[in-house]
$ cat entry21.txt   # compact mmCIF, C-alpha atoms and all ligand atoms
# COMPACT_ATOMS: atom_id res chain seq x y z
CA MET A 1171 5.03 6.57 17.41
CA ALA A 1172 1.31 7.00 17.96
CA ARG A 1173 -0.95 10.07 18.00
CA TYR A 1174 -3.13 10.70 21.03
CA LEU A 1175 -5.71 13.22 22.14
CA VAL A 1176 -5.57 13.99 25.86
CA THR A 1177 -8.68 15.76 27.18
CA GLY A 1178 -7.92 17.74 30.33
CA GLY A 1179 -4.25 17.55 29.36
CA CYS A 1180 -3.42 20.93 30.94
CA GLY A 1181 -4.45 19.65 34.36
CA PHE A 1182 -2.47 18.03 37.12
CA ILE A 1183 -2.69 14.36 36.08
CA GLY A 1184 -2.94 15.13 32.35
CA SER A 1185 0.33 17.04 32.35
CA HIS A 1186 2.20 14.10 33.91
CA LEU A 1187 0.63 11.72 31.42
CA ILE A 1188 1.72 13.94 28.53
CA GLU A 1189 5.27 14.13 29.86
CA ARG A 1190 5.36 10.34 29.77
CA LEU A 1191 3.82 10.08 26.30
CA LEU A 1192 6.26 12.61 24.84
CA ALA A 1193 9.22 10.84 26.47
CA ALA A 1194 8.10 7.64 24.73
CA GLY A 1195 8.13 9.48 21.37
CA HIS A 1196 4.37 9.82 20.87
CA LYS A 1197 2.57 12.78 19.34
CA VAL A 1198 0.03 14.47 21.59
CA ARG A 1199 -2.65 17.12 21.31
CA VAL A 1200 -4.93 18.47 24.00
CA LEU A 1201 -8.52 19.58 24.43
CA ASP A 1202 -8.95 21.63 27.60
CA ASP A 1203 -11.16 24.54 28.66
CA LEU A 1204 -8.43 25.83 31.01
CA SER A 1205 -10.96 26.07 33.87
CA THR A 1206 -8.41 24.59 36.29
CA GLY A 1207 -5.64 23.50 33.92
CA LYS A 1208 -2.79 25.72 32.78
CA ARG A 1209 -0.83 25.81 29.55
CA GLU A 1210 2.34 26.29 31.64
CA ASN A 1211 1.89 22.72 32.89
CA LEU A 1212 2.91 21.54 29.42
CA SER A 1213 6.14 21.88 27.48
CA ASP A 1214 6.15 24.21 24.48
CA GLY A 1215 4.92 22.77 21.23
CA VAL A 1216 2.05 20.64 22.55
CA PRO A 1217 -1.00 21.85 20.59
CA VAL A 1218 -3.88 22.86 22.86
CA THR A 1219 -7.43 23.44 21.64
CA VAL A 1220 -9.31 25.52 24.18
CA GLY A 1221 -12.81 24.09 24.25
CA ASP A 1222 -15.47 22.27 26.21
CA VAL A 1223 -15.37 18.48 26.26
CA ALA A 1224 -19.18 18.44 26.35
CA ASP A 1225 -19.23 20.22 22.96
CA ALA A 1226 -19.49 17.29 20.56
CA ASP A 1227 -18.19 19.31 17.58
CA ALA A 1228 -15.15 20.47 19.54
CA VAL A 1229 -14.33 16.88 20.55
CA ARG A 1230 -14.74 15.57 17.00
CA ALA A 1231 -12.52 18.34 15.64
CA ALA A 1232 -9.88 17.70 18.31
CA MET A 1233 -9.82 14.00 17.46
CA ALA A 1234 -9.56 14.74 13.75
CA GLY A 1235 -6.69 17.18 14.30
CA GLU A 1236 -6.00 20.33 12.26
CA ASP A 1237 -4.56 18.37 9.36
CA GLY A 1238 -7.18 15.61 9.58
CA GLU A 1239 -4.61 13.00 10.54
CA GLY A 1240 -6.85 11.48 13.24
CA VAL A 1241 -5.73 9.75 16.43
CA ASP A 1242 -4.76 6.28 17.55
CA GLY A 1243 -6.51 6.70 20.88
CA CYS A 1244 -7.81 9.14 23.46
CA PHE A 1245 -6.94 9.61 27.12
CA HIS A 1246 -9.98 11.26 28.67
CA LEU A 1247 -9.19 13.16 31.86
CA ALA A 1248 -11.21 16.37 31.43
CA ALA A 1249 -13.65 16.77 34.29
CA VAL A 1250 -14.57 19.04 37.15
CA ALA A 1251 -12.50 17.03 39.60
CA SER A 1252 -13.98 18.39 42.81
CA VAL A 1253 -16.72 16.76 44.89
CA ASP A 1254 -17.49 20.16 46.47
CA ARG A 1255 -17.93 21.81 43.06
CA SER A 1256 -20.31 19.05 42.02
CA ARG A 1257 -22.49 19.96 45.01
CA GLU A 1258 -22.43 23.69 44.25
CA ALA A 1259 -22.85 23.42 40.46
CA TRP A 1260 -24.71 20.13 39.98
CA LEU A 1261 -25.92 20.49 36.40
CA GLU A 1262 -22.83 22.29 35.13
CA THR A 1263 -20.48 19.63 36.48
CA HIS A 1264 -22.78 16.91 35.13
CA HIS A 1265 -22.34 18.33 31.60
CA ALA A 1266 -18.57 18.23 31.87
CA ASN A 1267 -18.30 14.96 33.75
CA LEU A 1268 -20.89 12.74 32.08
CA SER A 1269 -22.01 14.42 28.83
CA GLY A 1270 -18.35 15.20 28.15
CA THR A 1271 -17.46 11.53 28.51
CA ILE A 1272 -20.26 10.42 26.17
CA ALA A 1273 -19.07 13.03 23.64
CA VAL A 1274 -15.60 11.47 23.80
CA PHE A 1275 -16.88 7.89 23.37
CA ASP A 1276 -19.12 9.04 20.52
CA ALA A 1277 -16.27 10.79 18.70
CA ALA A 1278 -13.99 7.78 19.24
CA ARG A 1279 -16.29 5.51 17.28
CA ARG A 1280 -15.74 7.52 14.11
CA ALA A 1281 -12.29 8.92 14.80
CA ASN A 1282 -10.50 6.85 12.18
CA PRO A 1283 -11.58 5.38 8.85
CA ALA A 1284 -10.07 2.10 10.10
CA GLY A 1285 -12.58 1.91 12.97
CA PRO A 1286 -13.13 3.02 16.56
CA VAL A 1287 -10.14 4.04 18.66
CA PRO A 1288 -9.61 3.13 22.34
CA VAL A 1289 -10.52 5.52 25.16
CA ILE A 1290 -8.72 5.31 28.49
CA TYR A 1291 -10.66 7.39 31.00
CA ALA A 1292 -10.57 8.60 34.61
CA SER A 1293 -13.16 7.26 36.99
CA SER A 1294 -12.89 7.67 40.75
CA ALA A 1295 -13.04 5.93 44.10
CA ALA A 1296 -16.02 8.23 44.66
CA VAL A 1297 -18.16 5.57 42.91
CA TYR A 1298 -17.95 3.49 46.13
CA GLY A 1299 -19.42 6.29 48.27
CA ASP A 1300 -19.89 5.10 51.83
CA ASN A 1301 -19.39 1.39 51.16
CA PRO A 1302 -17.67 0.27 54.41
CA ASN A 1303 -16.13 -2.96 53.08
CA MET A 1304 -12.41 -2.09 53.17
CA PRO A 1305 -10.27 -2.61 51.25
CA LEU A 1306 -12.57 -1.92 48.33
CA THR A 1307 -12.35 -4.33 45.41
CA GLU A 1308 -13.77 -3.45 42.01
CA ASP A 1309 -16.67 -5.82 42.71
CA ALA A 1310 -17.72 -3.92 45.85
CA ALA A 1311 -21.14 -2.29 45.63
CA THR A 1312 -21.11 1.18 44.10
CA ARG A 1313 -23.19 3.69 46.02
CA PRO A 1314 -21.97 7.19 45.26
CA LEU A 1315 -22.84 9.96 47.69
CA SER A 1316 -22.05 12.91 45.43
CA ALA A 1317 -23.02 14.14 41.98
CA TYR A 1318 -19.36 13.73 41.12
CA GLY A 1319 -19.38 10.04 42.10
CA ALA A 1320 -22.72 9.42 40.39
CA ASP A 1321 -21.41 10.92 37.14
CA LYS A 1322 -18.18 8.89 37.31
CA LEU A 1323 -20.30 5.76 37.73
CA GLY A 1324 -22.34 6.95 34.74
CA CYS A 1325 -19.09 7.15 32.75
CA GLU A 1326 -18.41 3.50 33.54
CA LEU A 1327 -21.93 2.48 32.46
CA HIS A 1328 -21.61 4.38 29.19
CA ALA A 1329 -18.19 2.80 28.67
CA ARG A 1330 -20.00 -0.54 28.57
CA VAL A 1331 -22.29 0.89 25.89
CA ALA A 1332 -19.30 2.26 23.99
CA ASP A 1333 -17.70 -1.17 24.04
CA GLY A 1334 -20.73 -3.44 23.62
CA VAL A 1335 -22.86 -1.37 21.23
CA HIS A 1336 -20.32 0.74 19.33
CA GLY A 1337 -17.14 -1.32 19.44
CA VAL A 1338 -15.08 1.38 21.20
CA PRO A 1339 -12.52 -0.32 23.48
CA THR A 1340 -12.34 1.40 26.86
CA ALA A 1341 -10.58 1.07 30.21
CA GLY A 1342 -11.68 3.01 33.29
CA PHE A 1343 -9.43 3.77 36.24
CA ARG A 1344 -10.91 4.43 39.65
CA PHE A 1345 -8.29 6.78 41.02
CA PHE A 1346 -8.06 6.98 44.78
CA ASN A 1347 -6.42 10.13 46.23
CA VAL A 1348 -3.80 11.30 43.76
CA TYR A 1349 -1.02 13.71 44.75
CA GLY A 1350 2.23 15.10 43.39
CA PRO A 1351 3.84 18.12 41.74
CA ARG A 1352 1.53 20.51 39.83
CA GLN A 1353 -1.53 19.83 41.94
CA ASP A 1354 -2.62 23.40 42.64
CA PRO A 1355 -1.77 24.27 46.29
CA LYS A 1356 -3.83 27.48 46.17
CA SER A 1357 -7.18 26.10 45.06
CA PRO A 1358 -9.71 25.32 47.83
CA TYR A 1359 -10.88 22.45 45.61
CA SER A 1360 -7.45 20.86 45.51
CA GLY A 1361 -6.37 17.69 47.29
CA VAL A 1362 -5.44 17.72 50.96
CA ILE A 1363 -1.76 17.01 50.27
CA SER A 1364 -1.25 20.01 48.01
CA ILE A 1365 -3.19 22.29 50.39
CA PHE A 1366 -1.27 21.13 53.47
CA ALA A 1367 2.11 21.09 51.68
CA GLY A 1368 1.64 24.64 50.39
CA ARG A 1369 0.52 26.05 53.73
CA ILE A 1370 3.14 24.26 55.82
CA ALA A 1371 5.91 25.34 53.42
CA ARG A 1372 4.73 28.97 53.73
CA GLY A 1373 4.60 28.69 57.53
CA GLU A 1374 0.79 29.05 57.57
CA PRO A 1375 -1.65 27.09 59.75
CA ILE A 1376 -3.53 24.12 58.36
CA THR A 1377 -7.11 23.19 59.13
CA VAL A 1378 -7.94 19.57 59.75
CA ASN A 1379 -11.59 18.82 59.05
CA GLY A 1380 -13.02 16.85 61.97
CA ASP A 1381 -10.74 14.78 64.20
CA GLY A 1382 -8.18 14.03 61.46
CA GLU A 1383 -8.46 10.28 61.95
CA GLN A 1384 -10.21 9.79 58.59
CA VAL A 1385 -7.94 7.77 56.28
CA ARG A 1386 -7.18 7.84 52.58
CA ASP A 1387 -5.21 5.76 50.10
CA PHE A 1388 -2.77 8.24 48.54
CA ILE A 1389 -1.19 7.48 45.18
CA PHE A 1390 1.70 9.30 43.60
CA VAL A 1391 0.83 10.73 40.20
CA LYS A 1392 3.89 9.30 38.42
CA ASP A 1393 2.88 5.79 39.51
CA LEU A 1394 -0.63 6.31 38.20
CA VAL A 1395 0.17 7.47 34.65
CA ARG A 1396 2.08 4.23 33.92
CA TYR A 1397 -1.22 2.32 34.03
CA LEU A 1398 -2.90 4.69 31.61
CA THR A 1399 -0.22 4.24 28.97
CA ALA A 1400 -0.06 0.47 29.56
CA ALA A 1401 -3.84 0.16 29.11
CA MET A 1402 -3.69 2.07 25.82
CA GLY A 1403 -1.11 -0.40 24.56
CA HIS A 1404 -3.33 -3.43 25.28
CA PRO A 1405 -7.01 -2.58 24.91
CA GLN A 1406 -9.23 -5.25 26.48
CA PRO A 1407 -12.85 -6.10 25.62
CA GLY A 1408 -15.67 -5.75 28.14
CA ALA A 1409 -14.99 -2.17 29.36
CA PRO A 1410 -12.86 -3.17 32.36
CA VAL A 1411 -12.42 -0.92 35.41
CA TYR A 1412 -9.46 -0.92 37.77
CA ASN A 1413 -8.78 0.60 41.16
CA VAL A 1414 -5.63 2.71 41.18
CA CYS A 1415 -4.53 2.57 44.80
CA THR A 1416 -1.82 1.30 47.11
CA GLY A 1417 -3.93 -0.55 49.70
CA ARG A 1418 -2.12 1.47 52.41
CA PRO A 1419 -4.12 3.78 54.70
CA THR A 1420 -2.81 7.16 55.92
CA SER A 1421 -4.76 9.38 58.31
CA VAL A 1422 -5.04 13.12 57.72
CA ASN A 1423 -3.31 13.70 61.09
CA ARG A 1424 -0.37 11.50 60.14
CA LEU A 1425 -0.11 13.17 56.76
CA ALA A 1426 0.17 16.61 58.40
CA GLU A 1427 2.88 15.35 60.75
CA VAL A 1428 4.97 13.76 57.97
CA LEU A 1429 4.71 16.90 55.82
CA ALA A 1430 5.85 19.12 58.69
CA ASP A 1431 8.69 16.76 59.43
CA LEU A 1432 9.87 16.59 55.80
CA SER A 1433 9.68 20.34 55.31
CA GLY A 1434 11.44 21.09 58.62
CA ARG A 1435 8.67 23.46 59.68
CA PRO A 1436 6.68 23.52 62.93
CA LEU A 1437 3.15 22.16 62.54
CA ASP A 1438 0.45 24.75 63.25
CA ARG A 1439 -2.59 22.48 63.14
CA ARG A 1440 -6.12 23.65 63.87
CA TYR A 1441 -9.20 21.48 63.99
CA GLY A 1442 -12.40 22.60 62.27
CA PRO A 1443 -15.78 20.97 61.74
CA ALA A 1444 -15.94 17.75 59.73
CA ARG A 1445 -16.64 18.36 56.04
CA PRO A 1446 -20.29 17.54 55.25
CA GLY A 1447 -20.48 14.15 53.52
CA ASP A 1448 -16.80 13.42 54.14
CA ILE A 1449 -15.97 9.73 53.75
CA ARG A 1450 -14.36 8.31 56.89
CA THR A 1451 -12.29 5.54 55.35
CA SER A 1452 -11.20 5.00 51.78
CA ILE A 1453 -8.75 2.19 51.03
CA GLY A 1454 -8.58 0.33 47.76
CA ASP A 1455 -7.54 -3.22 46.95
CA PRO A 1456 -4.96 -3.10 44.13
CA THR A 1457 -5.03 -6.87 43.39
CA ARG A 1458 -6.77 -6.59 40.00
CA LEU A 1459 -4.55 -3.69 38.96
CA VAL A 1460 -1.34 -5.50 39.80
CA ALA A 1461 -2.52 -8.73 38.15
CA ALA A 1462 -3.47 -6.93 34.94
CA PHE A 1463 -0.41 -4.70 34.61
CA GLY A 1464 2.29 -6.45 36.61
CA MET A 1465 3.27 -3.36 38.59
CA SER A 1466 2.14 -1.74 41.82
CA CYS A 1467 1.97 1.87 43.01
CA ASP A 1468 5.28 1.56 44.76
CA THR A 1469 6.53 5.10 45.43
CA PRO A 1470 6.70 5.36 49.24
CA LEU A 1471 4.56 8.21 50.59
CA GLU A 1472 7.59 10.03 52.04
CA ASP A 1473 9.37 9.98 48.65
CA GLY A 1474 6.32 11.27 46.81
CA LEU A 1475 5.81 13.99 49.45
CA ARG A 1476 9.47 15.06 49.14
CA GLN A 1477 9.01 15.47 45.36
CA THR A 1478 5.80 17.41 45.94
CA LEU A 1479 7.46 19.76 48.44
CA ALA A 1480 10.46 20.24 46.13
CA TRP A 1481 8.15 21.45 43.35
CA LEU A 1482 6.46 24.15 45.44
P1 LIG A 1501 -7.43 18.95 37.17
O1 LIG A 1501 -8.53 19.88 37.56
O2 LIG A 1501 -6.03 19.38 37.39
O3 LIG A 1501 -7.59 18.49 35.65
C1 LIG A 1501 -8.82 18.49 34.96
C2 LIG A 1501 -8.57 19.18 33.62
O4 LIG A 1501 -9.80 19.16 32.87
C3 LIG A 1501 -8.17 20.65 33.78
O5 LIG A 1501 -7.09 20.94 32.91
C4 LIG A 1501 -9.43 21.42 33.38
O6 LIG A 1501 -9.12 22.70 32.87
C5 LIG A 1501 -10.04 20.48 32.37
N1 LIG A 1501 -11.50 20.61 32.23
C6 LIG A 1501 -12.42 20.71 33.23
N2 LIG A 1501 -13.65 20.81 32.69
C7 LIG A 1501 -13.50 20.78 31.34
C8 LIG A 1501 -14.40 20.87 30.24
N3 LIG A 1501 -15.73 21.00 30.43
N4 LIG A 1501 -13.91 20.81 28.98
C9 LIG A 1501 -12.56 20.67 28.77
N5 LIG A 1501 -11.66 20.59 29.78
C10 LIG A 1501 -12.14 20.66 31.03
O7 LIG A 1501 -7.74 17.59 37.97
P2 LIG A 1501 -6.93 16.21 37.99
O8 LIG A 1501 -6.72 15.87 39.40
O9 LIG A 1501 -5.78 16.25 37.04
O10 LIG A 1501 -8.06 15.23 37.43
C11 LIG A 1501 -7.96 14.54 36.18
C12 LIG A 1501 -9.03 13.47 36.14
O11 LIG A 1501 -8.83 12.53 37.20
C13 LIG A 1501 -10.46 13.98 36.31
O12 LIG A 1501 -11.32 13.25 35.46
C14 LIG A 1501 -10.77 13.69 37.76
O13 LIG A 1501 -12.16 13.55 37.98
C15 LIG A 1501 -10.03 12.38 37.95
N6 LIG A 1501 -9.72 12.06 39.34
C16 LIG A 1501 -8.80 12.79 40.05
C17 LIG A 1501 -8.51 12.42 41.36
C18 LIG A 1501 -7.48 13.15 42.18
O14 LIG A 1501 -7.22 12.70 43.32
N7 LIG A 1501 -6.85 14.19 41.68
C19 LIG A 1501 -9.17 11.35 41.97
C20 LIG A 1501 -10.11 10.64 41.21
C21 LIG A 1501 -10.36 10.99 39.90
C1 LIG A 1502 -10.83 12.79 46.60
C2 LIG A 1502 -10.81 13.50 45.24
C3 LIG A 1502 -12.12 13.39 44.55
C4 LIG A 1502 -12.66 11.98 44.53
C5 LIG A 1502 -12.51 11.29 45.90
C6 LIG A 1502 -12.70 9.79 45.77
C7 LIG A 1502 -9.34 15.45 45.36
C8 LIG A 1502 -9.28 16.93 45.50
N1 LIG A 1502 -10.57 14.93 45.43
O1 LIG A 1502 -11.74 13.40 47.50
O2 LIG A 1502 -11.94 13.88 43.22
O3 LIG A 1502 -12.04 11.25 43.53
O4 LIG A 1502 -11.21 11.44 46.42
O5 LIG A 1502 -13.22 9.30 46.96
O6 LIG A 1502 -8.36 14.78 45.19
N2 LIG A 1502 -9.02 17.79 54.47
C9 LIG A 1502 -8.67 18.51 55.61
N3 LIG A 1502 -8.23 19.78 55.45
C10 LIG A 1502 -8.11 20.39 54.24
C11 LIG A 1502 -8.47 19.66 53.07
C12 LIG A 1502 -8.94 18.36 53.23
O7 LIG A 1502 -8.76 17.99 56.73
O8 LIG A 1502 -7.67 21.56 54.18
C13 LIG A 1502 -9.51 16.40 54.63
C14 LIG A 1502 -10.86 16.18 54.00
O9 LIG A 1502 -11.91 16.56 54.87
C15 LIG A 1502 -10.82 14.67 53.75
C16 LIG A 1502 -9.34 14.41 53.43
O10 LIG A 1502 -8.63 15.54 53.91
O11 LIG A 1502 -11.17 13.97 54.91
C17 LIG A 1502 -9.10 14.25 51.94
O12 LIG A 1502 -9.73 15.34 51.29
P1 LIG A 1502 -9.52 15.65 49.71
O13 LIG A 1502 -10.37 16.82 49.39
O14 LIG A 1502 -8.08 15.73 49.42
O15 LIG A 1502 -10.02 14.33 48.99
P2 LIG A 1502 -11.37 13.47 49.04
O16 LIG A 1502 -10.99 12.15 49.61
O17 LIG A 1502 -12.47 14.22 49.69
$ encode --input "entry21.txt" --output "structure tokens"
Amino acid sequence: MARYLVTGGCGFIGSHLIERLLAAGHKVRVLDDLSTGKRENLSDGVPVTVGDVADADAVRAAMAGEDGEGVDGCFHLAAVASVDRSREAWLETHHANLSGTIAVFDAARRANPAGPVPVIYASSAAVYGDNPNMPLTEDAATRPLSAYGADKLGCELHARVADGVHGVPTAGFRFFNVYGPRQDPKSPYSGVISIFAGRIARGEPITVNGDGEQVRDFIFVKDLVRYLTAAMGHPQPGAPVYNVCTGRPTSVNRLAEVLADLSGRPLDRRYGPARPGDIRTSIGDPTRLVAAFGMSCDTPLEDGLRQTLAWL
């Protein structure tokens, strides 16, 4: 049994991670400002501190725990997870997304008398920006187009400092497009799958941005959280980063058709203007991920979509 702090634990991905940690018998506590996360995403009894991850005192206190028992590691997922929000609220999202990450690394170096504790953190495929070299390997050039992507790249650079200068072991995961139950279908900042699934299930029209032939690499959330827990179990030196992806492309048009088919509803699809700055193609190469962890993101899209629809 280990004790972990999960920042952003009330969110979509955090809540699945916590489910897995609790099932394995670990003790978990959460730091979350509840800006998009919800307590209802977690089972009763998981202690939640409501606070800002960019508040260094709040992070230190959350790592120490109420009884001062400390932690064995931190999963850092708290962030403003929307590219659009990072355009609208540049400085505010920067505080959460980059300063918040530095606050976590900083607290991790003094979290235990025995020494620094590992931090497993969420990066993003957004670090690649418009790099056209598909599928993207971790060595592909990073050229973020958004404040969100720039801050996630900043997290990776500071992870190298955390590791090299302060002895904090880290692992960063460049999530591609994550989907699954508990991704908010009502938020305009949510992922395309939850938005489409919610609207199709309610018999409402969907809007495809642009021609719908843009493609994404969709990963099911339950596949993803296995890597986070595995990385915590085997911290590696050198601040490694890993793509979390399937290597399989799906267009937005195809996604809409499969969702309509699975939910048994007619597809009312309308086409709107392309989203400014939208990336045309995003496909990751999972080779490094599979080599390091010995497992791939293997839930077929249809299965993951069925589970997502069943949750609505
Ligand atoms: P989410 O919005 O459901 O979860 C983020 C959580 O962080 C929420 O509970 C929110 O309340 C909390 N939070 C936000 N700002 C905070 C702050 N300043 N202080 C404390 N808590 C704060 O989003 P998610 O999809 O679960 O994302 C989790 C992580 O994965 C994020 O770091 C995100 O950038 C990253 N990510 C997600 C995707 C995706 O496809 N969903 C893709 C790439 C990366
Ligand atoms: C996702 C992540 C982002 C970042 C990025 C990495 C979400 C919400 N965002 O951004 O955090 O990590 O990947 O590159 O998961 N679309 C429509 N209609 C809609 C909604 C979306 O056509 O109603 C299109 C959208 O224009 C885009 C595609 O669907 O072409 C995917 O959009 P998204 O917002 O789900 O994800 P993305 O790839 O912009």
$ residues_near_ligand --input "entry21.txt" --ligand "ligand LIG 1501 (chain A)" --cutoff "7 Å" --atoms "only C-alpha atoms and all ligand atoms" --output "PyMOL selection string"
chain A and resi 1177-1184+1201-1208+1221-1224+1247-1251+1266+1270+1292-1295+1344-1349+1353+1361
$ residues_near_ligand --input "entry21.txt" --ligand "ligand LIG 1502 (chain A)" --cutoff "8 Å" --atoms "only C-alpha atoms and all ligand atoms" --output "PyMOL selection string"
chain A and resi 1251-1253+1293-1299+1318-1319+1344-1349+1358-1363+1365-1366+1376-1380+1382+1384-1386+1422+1444-1445+1448-1450+1452
$ atom_distance --input "entry21.txt" --atom1 "atom CA of A:Leu1187" --atom2 "atom CA of A:Val1287"
18.4 Å
$ atom_distance --input "entry21.txt" --atom1 "atom CA of A:Pro1217" --atom2 "atom CA of A:Arg1199"
5.1 Å
$ closest_residue --input "entry21.txt" --among "A:Tyr1441, A:Trp1481, A:Tyr1397, A:Tyr1174" --to "A:Ala1461" --atoms "all atoms listed in the file"
A:Tyr1397
$ closest_residue --input "entry21.txt" --among "A:Pro1436, A:Gly1454, A:Gly1442, A:Gly1215" --to "A:Glu1374" --atoms "only C-alpha atoms"
A:Pro1436
$ residues_around --input "entry21.txt" --residues "stretch 1320-1337 of chain A" --least-positions-apart "5" --cutoff "10 Å" --atoms "only C-alpha atoms" --output "ChimeraX atom specification"
/A:1249,1256,1263-1272,1274-1276,1278-1280,1285-1299,1312-1315,1342-1344,1406-1411
$ write_last_selection --input "entry21.txt" --atoms "C-alpha atoms" --output "CSV table (one decimal), in the frame of the given file"
chain,number,residue,atom,x,y,z
A,1249,ALA,CA,-13.6,16.8,34.3
A,1256,SER,CA,-20.3,19.0,42.0
A,1263,THR,CA,-20.5,19.6,36.5
A,1264,HIS,CA,-22.8,16.9,35.1
A,1265,HIS,CA,-22.3,18.3,31.6
A,1266,ALA,CA,-18.6,18.2,31.9
A,1267,ASN,CA,-18.3,15.0,33.8
A,1268,LEU,CA,-20.9,12.7,32.1
A,1269,SER,CA,-22.0,14.4,28.8
A,1270,GLY,CA,-18.4,15.2,28.2
A,1271,THR,CA,-17.5,11.5,28.5
A,1272,ILE,CA,-20.3,10.4,26.2
A,1274,VAL,CA,-15.6,11.5,23.8
A,1275,PHE,CA,-16.9,7.9,23.4
A,1276,ASP,CA,-19.1,9.0,20.5
A,1278,ALA,CA,-14.0,7.8,19.2
A,1279,ARG,CA,-16.3,5.5,17.3
A,1280,ARG,CA,-15.7,7.5,14.1
A,1285,GLY,CA,-12.6,1.9,13.0
A,1286,PRO,CA,-13.1,3.0,16.6
A,1287,VAL,CA,-10.1,4.0,18.7
A,1288,PRO,CA,-9.6,3.1,22.3
A,1289,VAL,CA,-10.5,5.5,25.2
A,1290,ILE,CA,-8.7,5.3,28.5
A,1291,TYR,CA,-10.7,7.4,31.0
A,1292,ALA,CA,-10.6,8.6,34.6
A,1293,SER,CA,-13.2,7.3,37.0
A,1294,SER,CA,-12.9,7.7,40.8
A,1295,ALA,CA,-13.0,5.9,44.1
A,1296,ALA,CA,-16.0,8.2,44.7
A,1297,VAL,CA,-18.2,5.6,42.9
A,1298,TYR,CA,-18.0,3.5,46.1
A,1299,GLY,CA,-19.4,6.3,48.3
A,1312,THR,CA,-21.1,1.2,44.1
A,1313,ARG,CA,-23.2,3.7,46.0
A,1314,PRO,CA,-22.0,7.2,45.3
A,1315,LEU,CA,-22.8,10.0,47.7
A,1342,GLY,CA,-11.7,3.0,33.3
A,1343,PHE,CA,-9.4,3.8,36.2
A,1344,ARG,CA,-10.9,4.4,39.6
A,1406,GLN,CA,-9.2,-5.2,26.5
A,1407,PRO,CA,-12.8,-6.1,25.6
A,1408,GLY,CA,-15.7,-5.8,28.1
A,1409,ALA,CA,-15.0,-2.2,29.4
A,1410,PRO,CA,-12.9,-3.2,32.4
A,1411,VAL,CA,-12.4,-0.9,35.4
$ atom_distance --input "entry21.txt" --atom1 "atom CA of A:Ala1281" --atom2 "atom CA of A:Val1338"
10.3 Å
$ closest_residue --input "entry21.txt" --among "A:Pro1283, A:Gly1350, A:Gly1240, A:Pro1419" --to "A:Leu1175" --atoms "all atoms listed in the file"
A:Gly1240
$ closest_residue --input "entry21.txt" --among "A:Gly1474, A:Thr1399, A:Val1391, A:Val1460" --to "A:Leu1432" --atoms "all atoms listed in the file"
A:Gly1474
$ closest_residue --input "entry21.txt" --among "A:Asn1301, A:Ser1466, A:Thr1457, A:Ser1357" --to "A:Arg1369" --atoms "only C-alpha atoms"
A:Ser1357
$ closest_residue --input "entry21.txt" --among "A:Asp1381, A:Glu1262, A:Glu1189, A:Asp1254" --to "A:Val1216" --atoms "all atoms listed in the file"
A:Glu1189
